[in-house]
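*Asks:* I have a structure here, written as structure tokens, and I will follow up with some questions on it.
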Amino acid sequence: MPSTSFADDTDWPLTEYGITHPDNAHLRIYLALIAERIQLLLSSSPDAPTPLFGLVPEPGSVLRKLNEPDGLPTPTAREQRLRHALLANENNAESAGRPLRLPRLADTFLLTTFDIDLLVVTLAPHVDNRFAQAYAYLNDDGTRTGPTTQAALRLARGDHLDPDHLTHLSPTGPLLRHGLLFVEDQDAPPPARILRVPDRIRAHLLGDNQPSSTPSQHITISTPAPLTPLESHHEAVGQLRKANASGSAFTLLRHDDPTTALTIASHALTPLTAPHPPVTVDLRQAPADPTSRSHLFAQALTEARLRTSALIVGPLEEPDSTHLTRLLPDPETAQETAPLPITLVAPADWRAPHGLTFTEVRLPSLTHTERTLLWGKLLPPETTPSLPHNGLAHTMALYQLTATQIRDAHAWAAHQAATTHTPLSGALLTEAVRRHNTEGLRRLATHLIPQARMKDLVLDPATTAHLTALIDRVRHRDTVLNDWNLRPGAGYGRGITALFSGESGTGKTLAAEVIASELGLDLYTVNIATVVDKYIGETEKNLEQIFTEATGINAILLFDEADALFGKRSEVKDAHDRYSNIETAYLLQRIEKFNGLTLLTTNLAANIDTAFQRRLDTTVTFPTPDAEQRARLWHLFLRDAPLDPDLDLSHIATAFDLTGGAIRSCAVSAAYSAAAANHPITPTHILNAVRAEYRKLRRLIPGIWECLINGPVSHSVVTESRGAR
């Protein structure tokens with residue numbers, strides 16, 4: 001037999017078996033006990049080692065092994081002394097308040113004495129190579145240096161066989177189920193399979209506190225980052241601590257900011273598990289398939305239990321998360337381990353699988369005051385004067401951003417300012433905010449970055465006042481709804497809905513762009529053609545996607561020609577009427593729960609369902625422009641174009657009753673004609689463009705055109721104008 005020199009009594013130096021940490025003296029004694037059993041088993045074997053050990057079986061050895069009893073001789077006096085030493089060592093450590101790793105691991109996973117024996121038997125060759133040599137001899141194979149399941153059972157059970165011992169190495173047993181052991185050679189017969197201890201378990205028992213390298217990119221163990229002193233954050237921390245202290249199996253933290261939610265969960269659980277910080281599994285970069293996630297969760301669960309710590313898992317992004325039942329412990333076997341605080345982090349709309357009970361904690365969205373505080377900590381002092389409503393922090397707080405998005409937006413804007421050697425401005429910060437807008441709306445809505453400003457609108461004072469009031473409503477929404485507590489009830493959201501009505505071309509869509517520009521928001525125009533679907537239920541699904549995607553961005557939803565979707569419900573005469581009414585009813589419910597700004601435009605206001613009228617926050621009517629407004633529009637559109645001195649735009653505006661959209665169309669057509677002739681825009685270019693626009697609108701051309709132009713007009717133009725009438 002190969003040389004296996006083991007100690008003779010219990011008073012070894014701490015370096016014996018490669019164990020140096022004083023807290024592992026218990027394990028050192030246990031290994032000596034296993035060594036004694038191995039010597040006892042080897043001394044009872046009639047086989048002697050040969051030069052061909054492990055390669056060629058000795059004649060008759062197979063028959064002798066089949067006929068020899070399956071067990072160990074009676075335990076020796078030394079083995080009994082070792083057992084007493086183990087018990088004394090454990091009692092002394094417990095009295096001194098210094099927990100030993102092996103007993104603590106047994107308490108954590110509720111291991112029996114037989115489980116501990118199996119674990120140490122399997123751990124032995126991972127600690128000292130002499131055990132590997134001994135196992136190779138027992139296996140009659142120099143390449144198999146670990147205990148087989150049969151050898152492990154013989155060494156652990158002593159001199160008697162209990163049928164229940166076999167269940168300790170089954171897949172449902174605590175050793176294999178919790179990853180404390182694993183089996184090699186799955187193709188070999190079960191008694192001949194080799195048992196191994198994972199490196200992380202070996203390292204833990206020898207005093208290492210670092211997780212294994214395999215899952216380190218997804219499993220983190222660190223002190224939580226500083227928590228911003230926000231009231232909602234500290235309230236969530238208190239609720240999480242209360243939920244975990246109550247002994248709940250799982251706590252679910254719902255959020256709209258995964259990074260902040262993970263930080264809050266870590267802050268909440270760290271004092272409960274001191275001195276060991278929680279184990280966090282960040283699923284944002286983890287593999288998506290359930291098998292990989294299940295393996296990752298098992299590693300993290302084992303790590304948390306090794307540390308007698310807590311476990312945080314998230315964010316759970318899948319709406320149904322059917323794989324979660326594979327990740328969480330089986331409720332029927334959950335009592336086979338010590339209680340472990342587990343917090344799951346998931347979005348507010350995440351649906352928990354059936355059969356799992358959670359204590360829910362909701363992380364509310366940031367208020368305007370909290371967003372102002374966060375921006376104020378990030379922005380330079382000169383941009384945030386003593387009066388917060390005058391500072392850039394207050395302006396940026398109008399954007400509905402999470403704490404993480406605020407930090408990211410500031411970091412991006414600050415980087416751009418540094419690389420271009422320009423000051424950090426509101427324009428840069430606004431551009432950074434727009435980078436957070438989602439791409440999910442692009443299929444069902446047209447994205448428009450607004451350019452027009454209020455000065456580009458030509459409206460009467462009353463209409464302009466209505467638009468200004470709408471902008472003020474958005475800007476001061478948080479003050480009224482939160483600070484003054486004038487929140488809507490009955491499940492209504494915090495959204496604002498406005499209807500723009502008027503003839504085509506009176507500036508409704510342009511006004512929507514102006515509002516978006518004044519508020520620094522993107523504009524999404526809903527494409528009716530891609531939303532409405534001939535199949536039952538698909539229209540509602542498309543609308544739900546639009547509202548869901550728009551909830552997470554800072555943008556305005558524009559339903560152009562809204563009467564196509566928001567039309568009056570009619571008496572049900574057939575299936576078509578019934579499902580058409582269902583679509584309208586769905587919109588009634590969904591739009592009042594939306595928290596953003598929704599603008600509806602129509603030139604048929606009478607066709608809008610009366611139920612929508614009640615839900616509108618404001619209605620703005622866009623009248624046809626008068627002569628003075630038309631003159632301003634003509635000059636506005638042609639302000640940069642070369643004009644003929646004979647052209648009098650005021651006379652044109654007085655003579656032709658056109659809307660702003662029609663005037664713009666005429667100005668563009670006249671400009672193209674003049675550019676083609678390489679000549680400034682003349683009265684003839686304008687008259688031809690107006691005539692074409694009237695024909696397009698199917699309207700009669702008024703008056704004699706010669707009276708509208710200062711100076712002579714050619715006979716061809718007069719004749720042409722009379723013919724057009």
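The way I read the labels, and the way they are meant: chains A, B, ... in the order of the structure tokens, residue 1 as the first residue of every chain, and ligand 1 as the first ligand shown, with later ones counted on from there.
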Write out as a Markdown table the residues of range 577-673 of chain A that have any atom within 8 Å of an atom of range 540-557 of chain A, one row each with the nearest atom pair and its distance in Å to one decimal, counting only C-alpha atoms, sorted by chain and then rising number.
*Replies:*
```
| residue | atom | partner | partner_atom | distance |
| --- | --- | --- | --- | --- |
| A:Glu583 | CA | A:Glu540 | CA | 6.4 |
| A:Tyr586 | CA | A:Glu540 | CA | 7.2 |
| A:Arg590 | CA | A:Glu544 | CA | 7.9 |
| A:Phe594 | CA | A:Phe547 | CA | 6.9 |
| A:Asn595 | CA | A:Thr551 | CA | 6.7 |
| A:Gly596 | CA | A:Thr551 | CA | 6.6 |
| A:Leu597 | CA | A:Ile556 | CA | 5.2 |
| A:Thr598 | CA | A:Leu557 | CA | 4.9 |
| A:Leu599 | CA | A:Leu557 | CA | 6.2 |
```
*Asks:* Show me, as a JSON list (two decimals) with all heavy atoms, in the first residue's frame, the residues that have an atom within 12 Å of Leu306 in chain A when counting only C-alpha atoms, minus same-chain residues fewer than 3 positions from it.
*Replies:*
```json
[["chain", "number", "residue", "atom", "x", "y", "z"],
["A", 101, "ARG", "N", -16.52, 26.48, 11.52],
["A", 101, "ARG", "CA", -17.14, 26.47, 10.18],
["A", 101, "ARG", "C", -17.92, 25.19, 9.91],
["A", 101, "ARG", "O", -19.00, 25.25, 9.34],
["A", 101, "ARG", "CB", -16.05, 26.67, 9.13],
["A", 101, "ARG", "CG", -15.38, 28.03, 9.24],
["A", 101, "ARG", "CD", -14.96, 28.56, 7.92],
["A", 101, "ARG", "NE", -14.60, 29.97, 8.05],
["A", 101, "ARG", "CZ", -14.56, 30.83, 7.07],
["A", 101, "ARG", "NH1", -14.89, 30.44, 5.85],
["A", 101, "ARG", "NH2", -14.21, 32.09, 7.26],
["A", 102, "LEU", "N", -17.37, 24.06, 10.26],
["A", 102, "LEU", "CA", -18.06, 22.81, 9.94],
["A", 102, "LEU", "C", -19.37, 22.68, 10.72],
["A", 102, "LEU", "O", -20.41, 22.39, 10.12],
["A", 102, "LEU", "CB", -17.13, 21.63, 10.20],
["A", 102, "LEU", "CG", -17.66, 20.26, 9.75],
["A", 102, "LEU", "CD1", -17.98, 20.27, 8.26],
["A", 102, "LEU", "CD2", -16.64, 19.16, 10.07],
["A", 103, "PRO", "N", -19.38, 22.90, 12.04],
["A", 103, "PRO", "CA", -20.67, 22.84, 12.74],
["A", 103, "PRO", "C", -21.65, 23.91, 12.27],
["A", 103, "PRO", "O", -22.86, 23.66, 12.20],
["A", 103, "PRO", "CB", -20.28, 23.05, 14.21],
["A", 103, "PRO", "CG", -18.86, 22.66, 14.30],
["A", 103, "PRO", "CD", -18.25, 23.03, 12.98],
["A", 104, "ARG", "N", -21.12, 25.10, 11.93],
["A", 104, "ARG", "CA", -22.01, 26.15, 11.45],
["A", 104, "ARG", "C", -22.62, 25.77, 10.11],
["A", 104, "ARG", "O", -23.80, 26.04, 9.85],
["A", 104, "ARG", "CB", -21.24, 27.46, 11.32],
["A", 104, "ARG", "CG", -22.14, 28.66, 11.02],
["A", 104, "ARG", "CD", -21.33, 29.93, 11.01],
["A", 104, "ARG", "NE", -20.36, 29.93, 9.92],
["A", 104, "ARG", "CZ", -19.29, 30.71, 9.86],
["A", 104, "ARG", "NH1", -19.02, 31.53, 10.86],
["A", 104, "ARG", "NH2", -18.47, 30.65, 8.83],
["A", 105, "LEU", "N", -21.83, 25.15, 9.23],
["A", 105, "LEU", "CA", -22.36, 24.69, 7.95],
["A", 105, "LEU", "C", -23.43, 23.63, 8.18],
["A", 105, "LEU", "O", -24.45, 23.60, 7.49],
["A", 105, "LEU", "CB", -21.22, 24.16, 7.08],
["A", 105, "LEU", "CG", -21.64, 23.66, 5.70],
["A", 105, "LEU", "CD1", -20.86, 24.37, 4.61],
["A", 105, "LEU", "CD2", -21.39, 22.15, 5.59],
["A", 106, "ALA", "N", -23.19, 22.75, 9.15],
["A", 106, "ALA", "CA", -24.18, 21.71, 9.45],
["A", 106, "ALA", "C", -25.47, 22.33, 9.97],
["A", 106, "ALA", "O", -26.58, 21.90, 9.61],
["A", 106, "ALA", "CB", -23.61, 20.73, 10.47],
["A", 107, "ASP", "N", -25.35, 23.37, 10.81],
["A", 107, "ASP", "CA", -26.56, 24.02, 11.32],
["A", 107, "ASP", "C", -27.31, 24.75, 10.20],
["A", 107, "ASP", "O", -28.54, 24.78, 10.18],
["A", 107, "ASP", "CB", -26.19, 25.01, 12.42],
["A", 107, "ASP", "CG", -25.67, 24.31, 13.67],
["A", 107, "ASP", "OD1", -25.97, 23.11, 13.83],
["A", 107, "ASP", "OD2", -24.96, 24.96, 14.46],
["A", 108, "THR", "N", -26.55, 25.36, 9.28],
["A", 108, "THR", "CA", -27.18, 26.12, 8.20],
["A", 108, "THR", "C", -27.98, 25.22, 7.28],
["A", 108, "THR", "O", -29.11, 25.55, 6.90],
["A", 108, "THR", "CB", -26.11, 26.87, 7.39],
["A", 108, "THR", "OG1", -25.42, 27.77, 8.27],
["A", 108, "THR", "CG2", -26.75, 27.66, 6.26],
["A", 109, "PHE", "N", -27.40, 24.10, 6.88],
["A", 109, "PHE", "CA", -28.07, 23.19, 5.94],
["A", 109, "PHE", "C", -28.78, 22.05, 6.65],
["A", 109, "PHE", "O", -29.26, 21.12, 5.98],
["A", 109, "PHE", "CB", -27.05, 22.64, 4.95],
["A", 109, "PHE", "CG", -26.49, 23.67, 4.01],
["A", 109, "PHE", "CD1", -25.30, 24.32, 4.30],
["A", 109, "PHE", "CD2", -27.16, 24.02, 2.86],
["A", 109, "PHE", "CE1", -24.77, 25.28, 3.45],
["A", 109, "PHE", "CE2", -26.65, 24.98, 2.00],
["A", 109, "PHE", "CZ", -25.46, 25.61, 2.30],
["A", 178, "HIS", "N", -28.06, 20.87, -2.33],
["A", 178, "HIS", "CA", -27.51, 22.19, -2.04],
["A", 178, "HIS", "C", -26.11, 22.39, -2.61],
["A", 178, "HIS", "O", -25.49, 23.43, -2.35],
["A", 178, "HIS", "CB", -27.48, 22.43, -0.53],
["A", 178, "HIS", "CG", -28.83, 22.41, 0.11],
["A", 178, "HIS", "ND1", -29.86, 23.21, -0.32],
["A", 178, "HIS", "CD2", -29.33, 21.67, 1.14],
["A", 178, "HIS", "CE1", -30.94, 22.98, 0.42],
["A", 178, "HIS", "NE2", -30.65, 22.06, 1.31],
["A", 179, "GLY", "N", -25.62, 21.42, -3.38],
["A", 179, "GLY", "CA", -24.33, 21.61, -4.03],
["A", 179, "GLY", "C", -23.14, 21.45, -3.10],
["A", 179, "GLY", "O", -22.04, 21.92, -3.43],
["A", 180, "LEU", "N", -23.31, 20.80, -1.95],
["A", 180, "LEU", "CA", -22.18, 20.56, -1.07],
["A", 180, "LEU", "C", -21.30, 19.43, -1.60],
["A", 180, "LEU", "O", -20.11, 19.37, -1.30],
["A", 180, "LEU", "CB", -22.67, 20.23, 0.34],
["A", 180, "LEU", "CG", -23.59, 21.28, 1.00],
["A", 180, "LEU", "CD1", -24.02, 20.82, 2.38],
["A", 180, "LEU", "CD2", -22.89, 22.62, 1.08],
["A", 200, "ARG", "N", -15.63, 25.77, -3.98],
["A", 200, "ARG", "CA", -16.11, 26.82, -3.09],
["A", 200, "ARG", "C", -16.37, 26.26, -1.69],
["A", 200, "ARG", "O", -16.08, 26.92, -0.69],
["A", 200, "ARG", "CB", -17.40, 27.45, -3.65],
["A", 200, "ARG", "CG", -17.97, 28.53, -2.75],
["A", 200, "ARG", "CD", -17.02, 29.71, -2.64],
["A", 200, "ARG", "NE", -17.39, 30.63, -1.58],
["A", 200, "ARG", "CZ", -16.72, 30.81, -0.46],
["A", 200, "ARG", "NH1", -15.61, 30.12, -0.23],
["A", 200, "ARG", "NH2", -17.12, 31.67, 0.44],
["A", 201, "ILE", "N", -16.91, 25.03, -1.58],
["A", 201, "ILE", "CA", -17.17, 24.44, -0.28],
["A", 201, "ILE", "C", -15.86, 24.13, 0.43],
["A", 201, "ILE", "O", -15.70, 24.38, 1.63],
["A", 201, "ILE", "CB", -18.02, 23.16, -0.43],
["A", 201, "ILE", "CG1", -19.33, 23.49, -1.19],
["A", 201, "ILE", "CG2", -18.32, 22.56, 0.93],
["A", 201, "ILE", "CD1", -20.18, 24.51, -0.51],
["A", 202, "ARG", "N", -14.90, 23.58, -0.31],
["A", 202, "ARG", "CA", -13.58, 23.30, 0.28],
["A", 202, "ARG", "C", -12.94, 24.59, 0.79],
["A", 202, "ARG", "O", -12.43, 24.66, 1.92],
["A", 202, "ARG", "CB", -12.67, 22.64, -0.76],
["A", 202, "ARG", "CG", -11.25, 22.38, -0.24],
["A", 202, "ARG", "CD", -10.32, 22.06, -1.39],
["A", 202, "ARG", "NE", -10.19, 23.21, -2.29],
["A", 202, "ARG", "CZ", -9.40, 24.26, -2.04],
["A", 202, "ARG", "NH1", -8.67, 24.30, -0.93],
["A", 202, "ARG", "NH2", -9.35, 25.25, -2.89],
["A", 203, "ALA", "N", -12.98, 25.65, -0.06],
["A", 203, "ALA", "CA", -12.37, 26.92, 0.33],
["A", 203, "ALA", "C", -13.06, 27.50, 1.56],
["A", 203, "ALA", "O", -12.41, 28.05, 2.46],
["A", 203, "ALA", "CB", -12.42, 27.90, -0.83],
["A", 204, "HIS", "N", -14.37, 27.38, 1.61],
["A", 204, "HIS", "CA", -15.10, 27.92, 2.76],
["A", 204, "HIS", "C", -14.71, 27.20, 4.04],
["A", 204, "HIS", "O", -14.46, 27.84, 5.08],
["A", 204, "HIS", "CB", -16.60, 27.80, 2.52],
["A", 204, "HIS", "CG", -17.43, 28.13, 3.73],
["A", 204, "HIS", "ND1", -17.67, 29.41, 4.15],
["A", 204, "HIS", "CD2", -18.06, 27.31, 4.63],
["A", 204, "HIS", "CE1", -18.41, 29.40, 5.24],
["A", 204, "HIS", "NE2", -18.66, 28.14, 5.55],
["A", 205, "LEU", "N", -14.65, 25.88, 4.00],
["A", 205, "LEU", "CA", -14.31, 25.12, 5.20],
["A", 205, "LEU", "C", -12.88, 25.37, 5.65],
["A", 205, "LEU", "O", -12.55, 25.20, 6.83],
["A", 205, "LEU", "CB", -14.54, 23.63, 4.95],
["A", 205, "LEU", "CG", -16.01, 23.20, 4.79],
["A", 205, "LEU", "CD1", -16.11, 21.73, 4.43],
["A", 205, "LEU", "CD2", -16.78, 23.50, 6.07],
["A", 207, "GLY", "N", -11.49, 28.38, 5.42],
["A", 207, "GLY", "CA", -11.37, 29.75, 5.88],
["A", 207, "GLY", "C", -11.47, 30.82, 4.83],
["A", 207, "GLY", "O", -11.31, 32.01, 5.14],
["A", 208, "ASP", "N", -11.74, 30.46, 3.56],
["A", 208, "ASP", "CA", -11.81, 31.45, 2.49],
["A", 208, "ASP", "C", -13.22, 32.05, 2.45],
["A", 208, "ASP", "O", -14.21, 31.32, 2.44],
["A", 208, "ASP", "CB", -11.47, 30.81, 1.15],
["A", 208, "ASP", "CG", -11.32, 31.83, 0.03],
["A", 208, "ASP", "OD1", -11.54, 33.03, 0.29],
["A", 208, "ASP", "OD2", -10.98, 31.42, -1.09],
["A", 209, "ASN", "N", -13.30, 33.40, 2.40],
["A", 209, "ASN", "CA", -14.59, 34.07, 2.38],
["A", 209, "ASN", "C", -14.99, 34.58, 1.00],
["A", 209, "ASN", "O", -16.03, 35.21, 0.86],
["A", 209, "ASN", "CB", -14.59, 35.25, 3.35],
["A", 209, "ASN", "CG", -14.56, 34.79, 4.79],
["A", 209, "ASN", "OD1", -15.20, 33.81, 5.14],
["A", 209, "ASN", "ND2", -13.81, 35.50, 5.62],
["A", 210, "GLN", "N", -14.17, 34.37, -0.02],
["A", 210, "GLN", "CA", -14.47, 34.89, -1.34],
["A", 210, "GLN", "C", -15.26, 33.87, -2.14],
["A", 210, "GLN", "O", -14.98, 32.67, -2.10],
["A", 210, "GLN", "CB", -13.17, 35.24, -2.09],
["A", 210, "GLN", "CG", -12.38, 36.34, -1.44],
["A", 210, "GLN", "CD", -13.19, 37.62, -1.33],
["A", 210, "GLN", "OE1", -13.89, 38.00, -2.26],
["A", 210, "GLN", "NE2", -13.07, 38.30, -0.19],
["A", 211, "PRO", "N", -16.28, 34.35, -2.91],
["A", 211, "PRO", "CA", -17.04, 33.42, -3.76],
["A", 211, "PRO", "C", -16.16, 32.88, -4.86],
["A", 211, "PRO", "O", -15.13, 33.45, -5.21],
["A", 211, "PRO", "CB", -18.17, 34.28, -4.31],
["A", 211, "PRO", "CG", -17.63, 35.68, -4.25],
["A", 211, "PRO", "CD", -16.73, 35.74, -3.05],
["A", 276, "HIS", "N", -21.87, 39.80, 7.94],
["A", 276, "HIS", "CA", -21.75, 39.35, 6.55],
["A", 276, "HIS", "C", -22.73, 40.12, 5.68],
["A", 276, "HIS", "O", -23.94, 40.06, 5.91],
["A", 276, "HIS", "CB", -22.02, 37.86, 6.44],
["A", 276, "HIS", "CG", -21.15, 37.02, 7.33],
["A", 276, "HIS", "ND1", -19.81, 36.86, 7.10],
["A", 276, "HIS", "CD2", -21.44, 36.33, 8.45],
["A", 276, "HIS", "CE1", -19.30, 36.09, 8.04],
["A", 276, "HIS", "NE2", -20.27, 35.75, 8.89],
["A", 278, "PRO", "N", -25.12, 41.08, 2.37],
["A", 278, "PRO", "CA", -25.96, 40.19, 1.55],
["A", 278, "PRO", "C", -25.26, 39.75, 0.27],
["A", 278, "PRO", "O", -24.34, 40.41, -0.23],
["A", 278, "PRO", "CB", -27.19, 41.06, 1.23],
["A", 278, "PRO", "CG", -27.14, 42.17, 2.21],
["A", 278, "PRO", "CD", -25.71, 42.40, 2.54],
["A", 279, "VAL", "N", -25.73, 38.65, -0.27],
["A", 279, "VAL", "CA", -25.27, 38.14, -1.56],
["A", 279, "VAL", "C", -26.28, 38.60, -2.61],
["A", 279, "VAL", "O", -27.48, 38.36, -2.47],
["A", 279, "VAL", "CB", -25.17, 36.60, -1.56],
["A", 279, "VAL", "CG1", -24.80, 36.08, -2.94],
["A", 279, "VAL", "CG2", -24.16, 36.14, -0.52],
["A", 299, "GLN", "N", -26.01, 28.58, -7.01],
["A", 299, "GLN", "CA", -24.70, 28.99, -6.51],
["A", 299, "GLN", "C", -24.84, 30.14, -5.52],
["A", 299, "GLN", "O", -24.18, 30.16, -4.48],
["A", 299, "GLN", "CB", -23.81, 29.41, -7.68],
["A", 299, "GLN", "CG", -23.34, 28.24, -8.54],
["A", 299, "GLN", "CD", -22.50, 28.71, -9.72],
["A", 299, "GLN", "OE1", -22.93, 29.55, -10.50],
["A", 299, "GLN", "NE2", -21.31, 28.16, -9.84],
["A", 300, "ALA", "N", -25.69, 31.11, -5.87],
["A", 300, "ALA", "CA", -25.86, 32.26, -4.98],
["A", 300, "ALA", "C", -26.54, 31.85, -3.69],
["A", 300, "ALA", "O", -26.21, 32.34, -2.60],
["A", 300, "ALA", "CB", -26.68, 33.34, -5.69],
["A", 301, "LEU", "N", -27.51, 30.93, -3.78],
["A", 301, "LEU", "CA", -28.21, 30.47, -2.59],
["A", 301, "LEU", "C", -27.25, 29.76, -1.65],
["A", 301, "LEU", "O", -27.26, 29.97, -0.43],
["A", 301, "LEU", "CB", -29.34, 29.54, -3.01],
["A", 301, "LEU", "CG", -30.41, 29.22, -1.97],
["A", 301, "LEU", "CD1", -31.16, 30.47, -1.57],
["A", 301, "LEU", "CD2", -31.37, 28.17, -2.51],
["A", 302, "THR", "N", -26.37, 28.92, -2.22],
["A", 302, "THR", "CA", -25.37, 28.24, -1.41],
["A", 302, "THR", "C", -24.41, 29.23, -0.78],
["A", 302, "THR", "O", -24.06, 29.12, 0.41],
["A", 302, "THR", "CB", -24.60, 27.23, -2.27],
["A", 302, "THR", "OG1", -25.50, 26.25, -2.79],
["A", 302, "THR", "CG2", -23.53, 26.52, -1.46],
["A", 303, "GLU", "N", -23.99, 30.23, -1.55],
["A", 303, "GLU", "CA", -23.06, 31.23, -1.03],
["A", 303, "GLU", "C", -23.68, 32.00, 0.13],
["A", 303, "GLU", "O", -23.02, 32.27, 1.15],
["A", 303, "GLU", "CB", -22.66, 32.20, -2.14],
["A", 303, "GLU", "CG", -21.58, 33.18, -1.77],
["A", 303, "GLU", "CD", -20.25, 32.51, -1.50],
["A", 303, "GLU", "OE1", -19.90, 31.55, -2.20],
["A", 303, "GLU", "OE2", -19.57, 32.96, -0.55],
["A", 309, "SER", "N", -25.96, 34.68, 5.52],
["A", 309, "SER", "CA", -26.26, 36.03, 5.12],
["A", 309, "SER", "C", -27.67, 36.08, 4.53],
["A", 309, "SER", "O", -28.54, 35.29, 4.91],
["A", 309, "SER", "CB", -25.22, 36.51, 4.11],
["A", 309, "SER", "OG", -25.45, 37.84, 3.72],
["A", 310, "ALA", "N", -27.91, 37.02, 3.62],
["A", 310, "ALA", "CA", -29.19, 37.18, 2.94],
["A", 310, "ALA", "C", -28.95, 37.13, 1.44],
["A", 310, "ALA", "O", -27.82, 37.27, 0.97],
["A", 310, "ALA", "CB", -29.86, 38.49, 3.33],
["A", 311, "LEU", "N", -30.02, 36.93, 0.69],
["A", 311, "LEU", "CA", -29.93, 36.81, -0.76],
["A", 311, "LEU", "C", -30.84, 37.82, -1.42],
["A", 311, "LEU", "O", -32.01, 37.98, -1.03],
["A", 311, "LEU", "CB", -30.32, 35.39, -1.21],
["A", 311, "LEU", "CG", -30.24, 35.10, -2.70],
["A", 311, "LEU", "CD1", -28.82, 35.27, -3.22],
["A", 311, "LEU", "CD2", -30.74, 33.70, -3.00],
["A", 337, "THR", "N", -33.49, 23.60, 5.43],
["A", 337, "THR", "CA", -32.37, 24.51, 5.63],
["A", 337, "THR", "C", -32.78, 25.59, 6.62],
["A", 337, "THR", "O", -33.97, 25.82, 6.83],
["A", 337, "THR", "CB", -31.94, 25.18, 4.31],
["A", 337, "THR", "OG1", -33.08, 25.84, 3.75],
["A", 337, "THR", "CG2", -31.41, 24.17, 3.32],
["A", 338, "ALA", "N", -31.78, 26.23, 7.20],
["A", 338, "ALA", "CA", -32.07, 27.32, 8.13],
["A", 338, "ALA", "C", -32.73, 28.46, 7.38],
["A", 338, "ALA", "O", -32.51, 28.66, 6.18],
["A", 338, "ALA", "CB", -30.77, 27.78, 8.79],
["A", 340, "LEU", "N", -33.54, 31.83, 5.56],
["A", 340, "LEU", "CA", -32.64, 32.72, 4.83],
["A", 340, "LEU", "C", -33.46, 33.88, 4.28],
["A", 340, "LEU", "O", -34.40, 33.65, 3.50],
["A", 340, "LEU", "CB", -31.94, 31.98, 3.69],
["A", 340, "LEU", "CG", -31.04, 32.82, 2.79],
["A", 340, "LEU", "CD1", -29.79, 33.24, 3.54],
["A", 340, "LEU", "CD2", -30.66, 32.04, 1.54]]
```
*Asks:* For a test of reading the model, state the distance in Å between CA of Gly314 in chain A and CA of Leu176 in chain A, rounded to one decimal.
*Replies:*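 Distance reported for this atom pair: 25.5 Å.
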*Asks:* Which of range 335-448 of chain A end up as strand (DSSP E) when DSSP is run on this backbone - answer as a VMD selection string?
*Replies:* chain A and resid 342 to 347 359 to 362 445 to 448
*Asks:* Please indicate the distance in Å from CA of Ala418 in chain A to CA of Leu398 in chain A, rounded to one decimal place.
*Replies:* 24.8 Å
*Asks:* Which residues, written as number ranges by chain, have at least one atom at most 10 Å from range 112-116 of chain A, with only C-alpha atoms counted and residues fewer than 3 positions away on the same chain left out?
*Replies:* A: 30, 102-103, 105-107, 109, 119-122, 153, 156-158, 165, 168-169, 173-175
*Asks:* Using DSSP on the backbone, list every residue of range 423-606 of chain A that comes out as helix (DSSP H, G or I), and give them as number ranges by chain.
*Replies:* A: 426-434, 454-456, 461-475, 477-483, 508-519, 528-531, 538-551, 562-564, 575-593, 605-606
*Asks:* Residues at most 12 Å from Ala662 in chain A, counting only C-alpha atoms, excluding those fewer than 5 positions away in the same chain, as a count of residues only?
*Replies:* 26
*Asks:* Which residues are near Gly520 in chain A? Cut-off 10 Å, only C-alpha atoms, ignore same chain within fewer than 2 positions. Put them as JSON, numbers by chain.
*Replies:* {"A": [395, 396, 398, 399, 426, 427, 430, 431, 433, 434, 449, 450, 451, 514, 515, 516, 517, 518, 522, 523, 554, 555]}
*Asks:* Find the residues around Thr369 in chain A up to 9 Å (only C-alpha atoms counted), leave out those fewer than 6 positions away in its own chain, and share them as a list in words.
*Replies:*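 In the requested format, the answer is His394, Ala397, Asp478, Thr479 and Asp483 of chain A.
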